[in-house]
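Enquirer: One file: target.txt (compact mmCIF, C-alpha atoms and all ligand atoms).
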```
# COMPACT_ATOMS: atom_id res chain seq x y z
CA MET A 1 106.61 139.00 101.85
CA PRO A 2 107.99 137.48 105.04
CA GLY A 3 107.58 133.79 105.51
CA VAL A 4 106.72 133.20 101.88
CA THR A 5 108.80 131.12 99.57
CA CYS A 6 108.27 130.25 95.95
CA ILE A 7 108.39 126.62 95.02
CA LYS A 8 107.09 124.71 92.07
CA PRO A 9 106.27 121.18 93.17
CA GLY A 10 108.81 118.68 91.98
CA THR A 11 111.41 121.29 91.12
CA ALA A 12 113.99 123.38 92.87
CA GLN A 13 112.99 126.73 94.27
CA GLY A 14 112.63 129.52 91.75
CA SER A 15 111.29 133.00 91.35
CA HIS A 16 107.58 133.60 91.49
CA THR A 17 105.55 134.21 88.38
CA ASP A 18 101.86 134.69 87.83
CA GLU A 19 102.10 132.68 84.67
CA GLY A 20 101.80 129.13 85.93
CA PRO A 21 101.51 127.45 82.52
CA GLN A 22 104.60 129.35 81.44
CA GLU A 23 106.37 127.77 84.35
CA LEU A 24 105.14 124.44 83.08
CA LYS A 25 106.61 125.20 79.68
CA LYS A 26 109.86 126.28 81.28
CA SER A 27 110.09 123.05 83.17
CA LYS A 28 109.53 120.99 80.05
CA SER A 29 112.19 123.03 78.23
CA ILE A 30 114.75 122.31 80.88
CA VAL A 31 114.07 118.60 80.63
CA THR A 32 114.45 118.48 76.87
CA TYR A 33 117.62 120.57 76.94
CA ASP A 34 119.11 118.17 79.41
CA LEU A 35 118.43 115.23 77.13
CA SER A 36 120.64 116.55 74.40
CA ALA A 37 121.79 120.02 73.54
CA CYS A 38 122.75 118.72 70.09
CA PHE A 39 119.20 118.11 68.97
CA ILE A 40 117.58 121.36 69.89
CA PHE A 41 115.36 121.37 66.84
CA VAL A 42 114.02 117.88 67.50
CA CYS A 43 113.69 118.56 71.18
CA TYR A 44 111.79 121.76 70.47
CA HIS A 45 109.12 119.80 68.65
CA ILE A 46 109.02 117.16 71.35
CA ASN A 47 108.70 119.98 73.82
CA VAL A 48 105.78 121.53 71.94
CA TYR A 49 104.09 118.14 71.80
CA MET A 50 104.58 117.67 75.54
CA GLN A 51 103.10 121.09 76.26
CA ASP A 52 100.06 120.27 74.17
CA PHE A 53 99.75 116.92 75.84
CA ALA A 54 100.00 118.53 79.26
CA VAL A 55 97.28 121.06 78.47
CA HIS A 56 94.90 118.51 76.97
CA ALA A 57 95.58 115.91 79.63
CA HIS A 58 94.93 118.52 82.25
CA GLU A 59 91.51 119.33 80.84
CA SER A 60 90.27 115.88 81.70
CA ARG A 61 91.19 116.24 85.37
CA PRO A 62 89.59 118.49 87.92
CA LEU A 63 92.77 120.09 89.29
CA TYR A 64 94.25 123.28 87.84
CA PRO A 65 98.08 123.60 87.84
CA ILE A 66 99.61 123.42 91.32
CA VAL A 67 102.09 126.29 91.24
CA GLY A 68 102.74 129.67 92.79
CA LEU A 69 103.74 131.23 96.07
CA ARG A 70 103.86 128.89 99.04
CA SER A 71 102.37 129.80 102.37
CA GLY A 72 104.40 128.75 105.41
CA ASN A 73 104.06 125.43 107.20
CA SER A 74 101.77 125.65 110.21
CA ASP A 75 98.87 123.98 111.95
CA ASP A 76 96.19 126.68 111.97
CA GLY A 77 98.02 129.37 110.01
CA SER A 78 97.12 131.54 107.06
CA SER A 79 98.85 133.10 104.12
CA PRO A 80 99.95 136.70 104.36
CA GLN A 81 97.50 139.27 103.03
CA ILE A 82 97.26 138.65 99.27
CA LEU A 83 96.47 141.71 97.18
CA LEU A 84 94.30 140.74 94.24
CA GLN A 85 95.32 141.98 90.82
CA ARG A 86 91.65 142.43 89.93
CA PRO A 87 88.76 143.11 92.31
CA PHE A 88 86.75 139.96 93.00
CA PRO A 89 82.95 140.42 93.11
CA TYR A 90 81.39 138.16 95.74
CA PHE A 91 77.64 138.45 96.27
CA GLY A 92 77.40 142.21 96.46
CA HIS A 93 80.88 142.93 97.81
CA SER A 94 84.02 143.65 95.86
CA TYR A 95 87.26 142.44 97.41
CA ASP A 96 90.81 143.46 96.60
CA GLN A 97 92.53 141.14 99.09
CA ILE A 98 92.20 137.59 100.33
CA TYR A 99 93.72 135.15 102.83
CA VAL A 100 94.30 131.46 102.21
CA ASN A 101 93.68 129.81 105.56
CA HIS A 102 95.39 126.49 106.14
CA ASN A 103 92.30 124.81 107.61
CA GLY A 104 90.71 124.66 104.17
CA HIS A 105 88.97 127.99 103.69
CA LEU A 106 89.42 131.48 102.23
CA THR A 107 88.42 134.75 103.86
CA PHE A 108 88.71 138.30 102.59
CA ASP A 109 88.95 140.90 105.35
CA THR A 110 91.08 139.06 107.90
CA PRO A 111 92.82 135.71 108.22
CA TRP A 112 90.80 133.05 110.02
CA SER A 113 92.25 130.17 112.00
CA SER A 114 89.03 128.25 112.67
CA TYR A 115 89.68 124.51 112.66
CA VAL A 116 86.26 123.37 113.85
CA PRO A 117 83.90 123.20 110.88
CA GLN A 118 80.29 124.22 111.25
CA PRO A 119 77.46 123.53 108.83
CA PHE A 120 76.45 126.34 106.50
CA PRO A 121 74.50 128.60 106.81
CA LEU A 122 76.37 130.23 109.69
CA TYR A 123 74.40 133.54 109.70
CA GLY A 124 77.69 135.12 110.71
CA SER A 125 79.64 138.23 109.80
CA ARG A 126 82.06 136.67 107.35
CA ASP A 127 82.20 135.84 103.66
CA ILE A 128 83.75 132.37 103.43
CA ILE A 129 84.80 130.14 100.59
CA ALA A 130 85.47 126.71 102.07
CA PRO A 131 86.45 123.90 99.74
CA PHE A 132 87.41 121.65 102.68
CA TRP A 133 86.93 123.15 106.12
CA THR A 134 88.42 120.83 108.72
CA ASP A 135 91.47 120.68 110.99
CA LEU A 136 94.42 120.44 108.61
CA ASP A 137 98.06 120.54 109.61
CA ASN A 138 100.91 121.01 107.16
CA ARG A 139 103.73 121.45 109.66
CA ILE A 140 105.44 118.29 108.38
CA ASN A 141 103.80 117.29 105.13
CA GLY A 142 101.69 119.25 102.69
CA GLN A 143 101.99 122.66 101.06
CA VAL A 144 99.56 125.52 100.54
CA TYR A 145 100.04 127.40 97.27
CA TYR A 146 98.37 130.41 95.72
CA ASN A 147 98.76 131.99 92.34
CA GLN A 148 97.14 134.71 90.24
CA TYR A 149 96.76 134.80 86.48
CA THR A 150 95.93 137.83 84.37
CA SER A 151 96.15 138.68 80.68
CA SER A 152 97.66 136.38 78.07
CA SER A 153 97.74 133.31 80.26
CA ILE A 154 96.90 129.85 78.99
CA LEU A 155 95.03 129.28 82.22
CA LEU A 156 92.71 132.21 81.45
CA GLN A 157 91.79 130.45 78.24
CA GLN A 158 91.09 127.25 80.13
CA ALA A 159 88.98 129.10 82.71
CA THR A 160 87.04 130.78 79.90
CA ARG A 161 86.37 127.43 78.23
CA ASP A 162 85.31 125.84 81.50
CA ILE A 163 82.95 128.62 82.54
CA ARG A 164 81.41 128.90 79.07
CA ARG A 165 80.74 125.19 79.18
CA TYR A 166 79.09 125.39 82.60
CA PHE A 167 77.29 128.70 82.08
CA PRO A 168 76.79 128.96 78.30
CA GLU A 169 74.20 131.73 78.54
CA LEU A 170 76.78 134.27 79.82
CA SER A 171 79.36 134.41 76.95
CA PHE A 172 81.96 134.78 79.67
CA SER A 173 85.63 135.71 79.18
CA ALA A 174 88.00 135.24 82.12
CA GLU A 175 90.20 138.24 82.93
CA TRP A 176 91.62 137.02 86.21
CA VAL A 177 92.07 133.66 87.91
CA PHE A 178 93.25 132.94 91.43
CA VAL A 179 94.13 129.39 92.40
CA ALA A 180 94.61 128.26 96.00
CA THR A 181 95.85 124.70 96.41
CA TRP A 182 96.14 122.63 99.54
CA ASN A 183 98.51 120.03 98.20
CA GLU A 184 98.90 116.70 100.02
CA VAL A 185 98.19 118.30 103.37
CA ALA A 186 97.77 116.21 106.52
CA TYR A 187 94.95 116.14 109.01
CA TYR A 188 95.78 117.38 112.50
CA PRO A 189 97.77 116.22 114.39
CA ASN A 190 100.06 115.63 111.51
CA SER A 191 99.03 112.10 110.73
CA GLY A 192 101.03 111.87 107.52
CA THR A 193 97.83 111.58 105.54
CA GLN A 194 97.57 113.41 102.22
CA THR A 195 94.60 115.38 100.92
CA THR A 196 94.61 117.68 97.88
CA PHE A 197 92.00 120.21 96.84
CA GLN A 198 91.68 123.66 95.29
CA ALA A 199 89.57 126.77 95.30
CA VAL A 200 89.69 128.59 91.96
CA LEU A 201 88.33 132.14 91.84
CA ILE A 202 87.55 133.43 88.35
CA SER A 203 86.35 136.88 87.31
CA GLY A 204 85.64 138.84 84.14
CA GLY A 205 83.43 141.88 83.70
CA GLN A 206 80.71 141.83 86.33
CA TYR A 207 80.82 138.06 86.65
CA SER A 208 82.62 135.90 89.16
CA PHE A 209 82.80 132.17 89.78
CA VAL A 210 84.35 129.71 92.18
CA LEU A 211 85.47 126.22 91.25
CA MET A 212 86.21 123.68 93.93
CA ASN A 213 88.46 120.93 92.61
CA TYR A 214 89.26 117.74 94.48
CA GLY A 215 92.13 115.28 94.17
CA ILE A 216 92.92 112.56 96.65
CA ILE A 217 91.06 112.81 99.97
CA ALA A 218 92.45 110.77 102.85
CA PRO A 219 89.88 109.07 105.09
CA THR A 220 89.10 110.70 108.41
CA ARG A 221 86.42 110.59 111.07
CA SER A 222 86.60 114.35 111.52
CA ASN A 223 83.78 116.57 110.29
CA ILE A 224 84.25 118.39 107.00
CA GLN A 225 82.25 121.29 105.61
CA ALA A 226 82.56 122.13 101.91
CA GLY A 227 80.82 124.99 100.14
CA TYR A 228 80.50 128.73 100.59
CA ASP A 229 78.71 131.15 102.86
CA THR A 230 78.21 134.91 103.05
CA MET A 231 77.63 137.57 105.67
CA ASN A 232 74.27 136.79 107.23
CA SER A 233 74.13 133.79 104.91
CA THR A 234 72.23 135.65 102.21
CA HIS A 235 73.85 133.17 99.86
CA HIS A 236 75.29 129.83 100.81
CA PHE A 237 75.81 126.37 99.45
CA THR A 238 76.89 123.08 100.98
CA ILE A 239 78.37 120.40 98.79
CA PRO A 240 76.49 117.17 99.46
CA GLY A 241 78.51 114.81 101.64
CA SER A 242 79.60 117.52 104.08
CA PHE A 243 79.29 116.42 107.70
CA SER A 244 78.86 112.81 106.69
CA THR A 245 80.99 109.73 106.19
CA ALA A 246 80.83 110.49 102.45
CA ALA A 247 83.11 113.52 102.92
CA SER A 248 86.43 111.67 102.87
CA GLY A 249 88.20 108.58 101.61
CA ASN A 250 88.44 107.06 98.15
CA ASP A 251 84.69 107.27 97.67
CA ALA A 252 84.39 110.84 98.91
CA ASN A 253 81.41 112.53 97.36
CA PHE A 254 83.34 115.71 96.64
CA ARG A 255 85.75 113.95 94.28
CA LEU A 256 83.42 111.42 92.70
CA ARG A 257 80.47 113.72 92.08
CA SER A 258 80.00 117.10 90.44
CA ASN A 259 77.38 119.71 89.64
CA VAL A 260 78.94 120.29 86.19
CA HIS A 261 79.51 116.71 84.99
CA VAL A 262 83.24 116.77 85.81
CA PRO A 263 83.87 114.36 88.70
CA GLY A 264 85.75 116.16 91.45
CA ARG A 265 84.75 119.64 90.32
CA TRP A 266 82.02 121.87 91.67
CA ALA A 267 81.26 125.22 89.99
CA PHE A 268 79.39 128.18 91.41
CA ARG A 269 78.54 131.62 90.13
CA THR A 270 79.33 134.07 92.94
CA ASP A 271 78.63 137.59 91.67
CA ASP A 272 75.62 139.61 92.67
CA GLY A 273 73.68 138.47 89.63
CA SER A 274 73.64 134.98 91.01
CA ARG A 275 70.68 133.99 93.11
CA GLY A 276 70.63 130.78 95.06
CA CYS A 277 72.68 127.81 94.07
CA ILE A 278 74.02 126.67 90.77
CA TYR A 279 73.30 123.13 89.81
CA ARG A 280 74.42 121.46 86.59
CA GLY A 281 75.35 124.83 85.14
CA LYS A 282 71.94 126.39 85.68
CA ILE A 283 71.10 129.23 88.02
CA LYS A 284 68.33 128.28 90.40
CA THR A 285 66.40 130.83 92.41
CA ARG A 286 66.53 130.68 96.16
CA GLY A 287 63.35 129.64 97.84
CA SER A 288 61.83 128.38 94.66
CA LYS A 289 60.51 124.93 94.05
CA ALA A 290 63.56 124.46 91.87
CA ILE A 291 65.78 124.50 94.97
CA HIS A 292 63.85 121.69 96.58
CA SER A 293 63.96 119.79 93.32
CA ILE A 294 67.72 120.33 93.06
CA LEU A 295 68.39 119.22 96.61
CA SER A 296 66.22 116.16 96.12
CA GLN A 297 68.11 115.38 92.94
CA GLN A 298 71.43 115.88 94.71
CA ARG A 299 70.41 113.53 97.46
CA HIS A 300 69.43 111.05 94.80
CA ASP A 301 72.69 111.52 92.90
CA THR A 302 74.84 111.29 95.97
CA GLY A 303 72.95 108.56 97.72
CA LEU A 304 72.53 110.77 100.77
CA CA B 401 94.91 122.91 111.79
```
Go ahead and express the file in the form of structure tokens.
Ligand SMILES: [Ca+2]

Expert:
Amino acid sequence: MPGVTCIKPGTAQGSHTDEGPQELKKSKSIVTYDLSACFIFVCYHINVYMQDFAVHAHESRPLYPIVGLRSGNSDDGSSPQILLQRPFPYFGHSYDQIYVNHNGHLTFDTPWSSYVPQPFPLYGSRDIIAPFWTDLDNRINGQVYYNQYTSSSILLQQATRDIRRYFPELSFSAEWVFVATWNEVAYYPNSGTQTTFQAVLISGGQYSFVLMNYGIIAPTRSNIQAGYDTMNSTHHFTIPGSFSTAASGNDANFRLRSNVHVPGRWAFRTDDGSRGCIYRGKIKTRGSKAIHSILSQQRHDTGL
């Protein structure tokens, strides 16, 4: 696709693969071969150990692997149209394409350049997944990556484990994972600041989920909206801290708090079977007393 290059962070450019963890393995293999071609057997075992270490170490952090195709550098740009290898159910719709918009959100039907965040619910005409909607600018520093994973991927196993932990009543098995990463991107106008976050879309059977994972978040006075919204806002969720001073900086609520007991990770069920918001791995019905209880608890947890 025009304007798209394939880069694995920290390495030279290479060909694209949908098997991110395999790329990780490949990278480790190259390193061990360079150390000594004479001790392949020993290096192999070191390599296996390093792979295991990488997988287990990764589980304790909120970010999934940062690999894949790289969208171009631009202020308010978007990725090209990305055809999904599996349809993604999203609150009554089924999508077979998506756009990764550089200003911190994902849209399905068309790219979207909006750099002025608005609080959800918008009651608009768009389905939006917005892990960090604000005016970002990666013309000089920062990269936007996206990657898909299908059968026989280590990441599918990780997604399955994660979702089963957060939603144990579903016996879920991941069949497809899509990871969009805004890696060390700057705020407009290219301040040199670095902010990293992800949106992870996961599907299997009739189920779908979105994880929002947060790394470092540079401080800013700009407004930030995090969460998701749907056409006419039939379903929406705002991560506490949005549109407040708790949205950015070292103490940003998004990266220190969680609704699934993993600091920096927020998990939501997004298929049609989901009603209302998900909090601490439990489905809560919209409009019920439970919602008010959840929001009160969130305010308590987040100090908002
Ligand atoms: Ca921008």

Enquirer: Could you check which of A:Ile224, A:Ala267, A:Met231, A:Ala174 is closest to Phe132 (chain A), using all atoms listed in the file?

Expert: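 The answer is A:Ile224, which sits nearest to Phe132 (chain A).
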
Enquirer: Write out as CSV the residues of chain A that have any atom within 10 Å of an atom of ligand CA 401 (chain B), one row each with the nearest atom pair and its distance in Å to one decimal, counting all atoms listed in the file, sorted by chain and then rising number.

Expert:
```
residue,atom,partner,partner_atom,distance
A:Ser74,CA,B:CA401,CA,7.6
A:Asp75,CA,B:CA401,CA,4.1
A:Asp76,CA,B:CA401,CA,4.0
A:Gly77,CA,B:CA401,CA,7.4
A:Asn101,CA,B:CA401,CA,9.4
A:His102,CA,B:CA401,CA,6.7
A:Asn103,CA,B:CA401,CA,5.3
A:Gly104,CA,B:CA401,CA,8.9
A:Ser113,CA,B:CA401,CA,7.7
A:Ser114,CA,B:CA401,CA,8.0
A:Tyr115,CA,B:CA401,CA,5.5
A:Val116,CA,B:CA401,CA,8.9
A:Trp133,CA,B:CA401,CA,9.8
A:Thr134,CA,B:CA401,CA,7.5
A:Asp135,CA,B:CA401,CA,4.2
A:Leu136,CA,B:CA401,CA,4.1
A:Asp137,CA,B:CA401,CA,4.5
A:Asn138,CA,B:CA401,CA,7.8
A:Arg139,CA,B:CA401,CA,9.2
A:Ala186,CA,B:CA401,CA,9.0
A:Tyr187,CA,B:CA401,CA,7.3
A:Tyr188,CA,B:CA401,CA,5.6
A:Pro189,CA,B:CA401,CA,7.7
A:Asn190,CA,B:CA401,CA,8.9
```

Enquirer: Counting only C-alpha atoms, which of A:Asp251, A:Glu184, A:Asp96, A:Asp229 gets nearest to Gly142 (chain A)?

Expert: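 Counting only C-alpha atoms, the residue closest to Gly142 (chain A) is A:Glu184.
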
Enquirer: For Gly192 (chain A), which residue among A:Asn223, A:Ser258, A:Asn141, A:Ser71 is the nearest when counting all atoms listed in the file?

Expert: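 Among the listed residues, the smallest separation from Gly192 (chain A) belongs to A:Asn141.
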
Enquirer: Pick the closest to Pro121 (chain A) from A:Phe237, A:Tyr90, A:Tyr214, A:Val67: which is it, counting all atoms listed in the file?

Expert: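 That would be A:Phe237, the residue with the smallest distance to Pro121 (chain A).
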
Enquirer: Nearest residue to Ser248 (chain A) out of A:Ser233, A:Gln81, A:Asn183, A:Thr220, using all atoms listed in the file?

Expert: A:Thr220

Enquirer: Give the answer as one residue: which of A:Gly92, A:Ser173, A:Asp162, A:Trp182 has the shortest atom-to-atom distance to Asn73 (chain A), using all atoms listed in the file?

Expert: A:Trp182

Enquirer: Box in all listed atoms of region 174-191 of chain A, axis-aligned, with 4 Å more on each side; write out centre and edge lengths in Å to one decimal as JSON.

Expert:
```
{"center_x": 94.0, "center_y": 125.2, "center_z": 98.3, "size_x": 20.1, "size_y": 34.1, "size_z": 40.3}
```

Enquirer: Work out how far apart CA of Tyr166 (chain A) and CA of Ser94 (chain A) are and give it in Å to one decimal.

Expert: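 Interatomic distance here is 23.1 Å.
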
Enquirer: Enumerate, in order of chain and increasing residue number, the residues of region 109-170 of chain A with an atom no farther than 10 Å from region 200-213 of chain A, each with its shortest atom pair and distance in Å to one decimal, counting only C-alpha atoms, as a Markdown table.

Expert:
```
| residue | atom | partner | partner_atom | distance |
| --- | --- | --- | --- | --- |
| A:Ile129 | CA | A:Val210 | CA | 8.4 |
| A:Ala130 | CA | A:Met212 | CA | 8.7 |
| A:Pro131 | CA | A:Met212 | CA | 5.8 |
| A:Phe132 | CA | A:Met212 | CA | 9.1 |
| A:Tyr146 | CA | A:Val200 | CA | 9.6 |
| A:Asn147 | CA | A:Val200 | CA | 9.7 |
| A:Gln148 | CA | A:Leu201 | CA | 9.3 |
| A:Tyr149 | CA | A:Ile202 | CA | 9.5 |
| A:Leu156 | CA | A:Ile202 | CA | 8.7 |
| A:Ala159 | CA | A:Ile202 | CA | 7.3 |
| A:Thr160 | CA | A:Ile202 | CA | 8.9 |
| A:Asp162 | CA | A:Leu211 | CA | 9.8 |
| A:Ile163 | CA | A:Phe209 | CA | 8.1 |
| A:Leu170 | CA | A:Tyr207 | CA | 8.8 |
```

Enquirer: Separation of CA of Pro111 (chain A) and CA of Gln85 (chain A), in Å?

Expert: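 That distance, rounded to one decimal, is 18.7 Å.
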
Enquirer: For CA of Phe88 (chain A) and CA of Asn259 (chain A), quote the distance in Å rounded to one decimal.

Expert: 22.6 Å

Enquirer: If we count all atoms listed in the file and set the cut-off at 12 Å, which residues sit around Ser244 (chain A), ignoring sequence neighbours fewer than 3 positions away in its own chain? Please answer as a PyMOL selection string.

Expert: chain A and resi 119+219-226+238-241+247-249+252-254+302-304
